[in-house]
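Written below as C-alpha cells is the structure these notes are about.
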Amino acid sequence: MQGPLIDTLVRQGVSRRTFLKYCATLASMMALPPTAGRAMAEAMAASRRPSVIWLPFQECTGCTESITRSHSPTIEGMIFDMISLDYQETLMAAAGFQAEEALHNAMKDNFGKYLLIIDGSIPLGVDGAYSCIAGRSNLDLLKDAAKGAAAIVAMGSCASYGGIPKANPNPTGAVSVSDIIKDKPIVNIPGCPPIPVVMTGVLAHYLTFGSLPELDDKGRPKAFYGETIHDRCYRRPFYDQGKFAKTFDDEGARNGWCLFELGCKGPVTYNACATTKWNGGTSWPVESGHGCLGCSEPDFWDAGSFYKALSTPANPLKLAATATVVGAAAGVAVSFANRAKKDAAKKAHQPVTLADLEK
C-alpha cells in the first residue's frame with residue numbers, strides 16, 4: 001500500500017503551500033466554508049491513495065478525452081497522483097491479458113474500498129452482446145465490479161442516464177448505471193462530455209470526507225448542478241430586457257443578445273458551464289455564440305430540435321407564453337419573479353459550518 005498522499009506529492013515536486021492553495025480553490029468551487037480548504041488539505045495529505053477502477057462501456061471516449069484535458073495541468077497532475085488509477089483502458093500502458101490481470105488484482109486487493117468509475121451506457125439487448133470486453137458483456141462486468149466498490153461515479157450522460165445510445169429507438173437496449181445497480185452509493189456526473197473540474201471536486205470530496213457530496217434528485221452534486229445555465233449566463237440581462245437574437249448572424253447575435261429564441265436550453269439545464277467554462281476557462285458554448293443543448297439533462301437527445309425555442313420561460317415561474325418569449329414586458333416579469341424568489345432564498349439561508357459537513 002502506498003504511503004501518505006503528501007509524501008507522494010512532495011516526491012512529484014508539489015509543495016505543501018501549492019497543495020493547500022489547491023484545496024482552498026476546490027473548497028471555494030464546491031461552495032464550502034473557508035475553513036474547509038485546510039480541512040481538505042489535512043485529510044487528503046494524511047490519506048493513502050485510494051484505488052480507482054474506470055470501466056468504459058458503450059461510449060465514445062469523449063469523457064476520457066475531457067478529463068485528460070483538464071483546464072489546469074497542475075490540477076490534472078495532482079489528481080492522477082492523488083489516486084491510484086489501477087485500470088483505465090485508454091490511459092493504461094498494459095493491454096490484453098496484462099490489462100485484465102491488473103483489473104482482477106485491483107478488485108481483489110482493494111475489495112470494498114475502491115472507487116468505481118463507469119463511462120458509457122450498458123446495453124441489455126441480445127443478452128448484452130452489443131458491447132463486450134475480453135469476452136464478457138458490459139452488464140456482467142458492471143455487476144462484478146460493483147460488488148467490491150465503496151461507491152460508484154457515473155461519468156457522463158451515457159452512464160448517468162443512458163445518453164445518446166438510449167435515444168429513440170434505442171436499438172441496443174441501453175440503460176444507465178443506476179438502472180442496474182441499486183445497493184451502492186452512486187453519483188452522476190452528466191454532460192456530453194462532463195466538465196473535468198467537476199470530477200476533480202467529487203474525487204477531492206470523497207478523499208476528504210470518505211463520502212460522496214450532497215446530491216440533487218437526479219443524483220448530481222449540488223455544488224456543480226445546483227443552478228441552471230440560465231441562472232449564471234452573462235446574456236441573462238438581455239433575456240430580462242426581452243432582447244433576443246433572431247438568427248445566429250443578426251445584429252442581436254453580434255451584440256450578445258439572449259439565444260433563447262434560437263433554441264438555447266439554458267433555462268432548463270443544470271450545470272456549471274457558465275462559471276467553470278471549458279478550454280482553460282477560455283469559453284463555453286453560449287459565449288462562442290451557440291445555445292446550450294441541455295446535454296447534462298436526461299433524454300436531451302430526444303427533447304426536440306436543438307434550435308426550437310422552449311415553450312415557456314425558466315421554470316418554476318410557469319408564465320404564460322407561446323412558442324417564444326417576445327418583448328420586454330415578459331422579460332421584466334421574469335426578472336422580477338426571479339429576483340423575489342432569490343431574495344426569499346437568501347433570507348432563509350442558514351450558514352454552513354465545517355462541523356455540519358463532517359456530520
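In the C-alpha cells, the first chain shown is A, the next is B, and so on; residue numbers restart at 1 for each chain, and ligands run from 1 in the order shown.
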Show me, as a tab-separated table, the residues of stretch 283-311 of chain A having an atom within 7 Å of stretch 269-279 of chain A, each with the closest atom pair and its distance in Å, using only C-alpha atoms.
residue	atom	partner	partner_atom	distance
A:Ser283	CA	A:Lys277	CA	5.4
A:Trp284	CA	A:Lys277	CA	5.1
A:Gly294	CA	A:Thr269	CA	5.2
A:Ser296	CA	A:Thr269	CA	6.7
A:Glu297	CA	A:Thr269	CA	6.2
Preceding selection exported with C-alpha atoms as a PDB file, in the first residue's frame:
ATOM      1  CA  SER A 283     -15.090  29.989 -23.251  1.00  0.00           C
ATOM      2  CA  TRP A 284     -18.227  27.851 -23.295  1.00  0.00           C
ATOM      3  CA  GLY A 294     -29.035  20.663 -22.467  1.00  0.00           C
ATOM      4  CA  SER A 296     -26.493  17.256 -18.809  1.00  0.00           C
ATOM      5  CA  GLU A 297     -30.229  16.549 -18.617  1.00  0.00           C
TER       6      GLU A 297
END
For A:Leu20, please output as a PDB file with C-alpha atoms, in the first residue's frame all residues within 8 Å (counting only C-alpha atoms; exclusion window: fewer than 5 positions along the same chain).
ATOM      1  CA  GLY A  37      -9.909  24.189   2.457  1.00  0.00           C
ATOM      2  CA  ARG A  38      -7.484  23.485   5.281  1.00  0.00           C
ATOM      3  CA  ALA A  41      -5.718  19.532   2.819  1.00  0.00           C
TER       4      ALA A  41
END
Between atom CA of A:Ser288 and atom CA of A:Glu251, distance in Å (one decimal)
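About the pair atom CA of A:Ser288 and atom CA of A:Glu251: they are 15.5 Å apart.
From atom CA of A:Val202 back to atom CA of A:Ala223, the distance works out to 9.6 Å.
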Which residues, written as a list in words, have at least one atom at most 9 Å from A:Pro185, with only C-alpha atoms counted and residues fewer than 4 positions away on the same chain left out?
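The contact residues come out as Ala150, Ala151, Ile152, Val153, Ser211 and Leu212 of chain A.
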Contacts of stretch 160-174 of chain A at 12 Å or less, counting only C-alpha atoms, minus same-chain residues fewer than 2 places along, as a count of residues only?
57
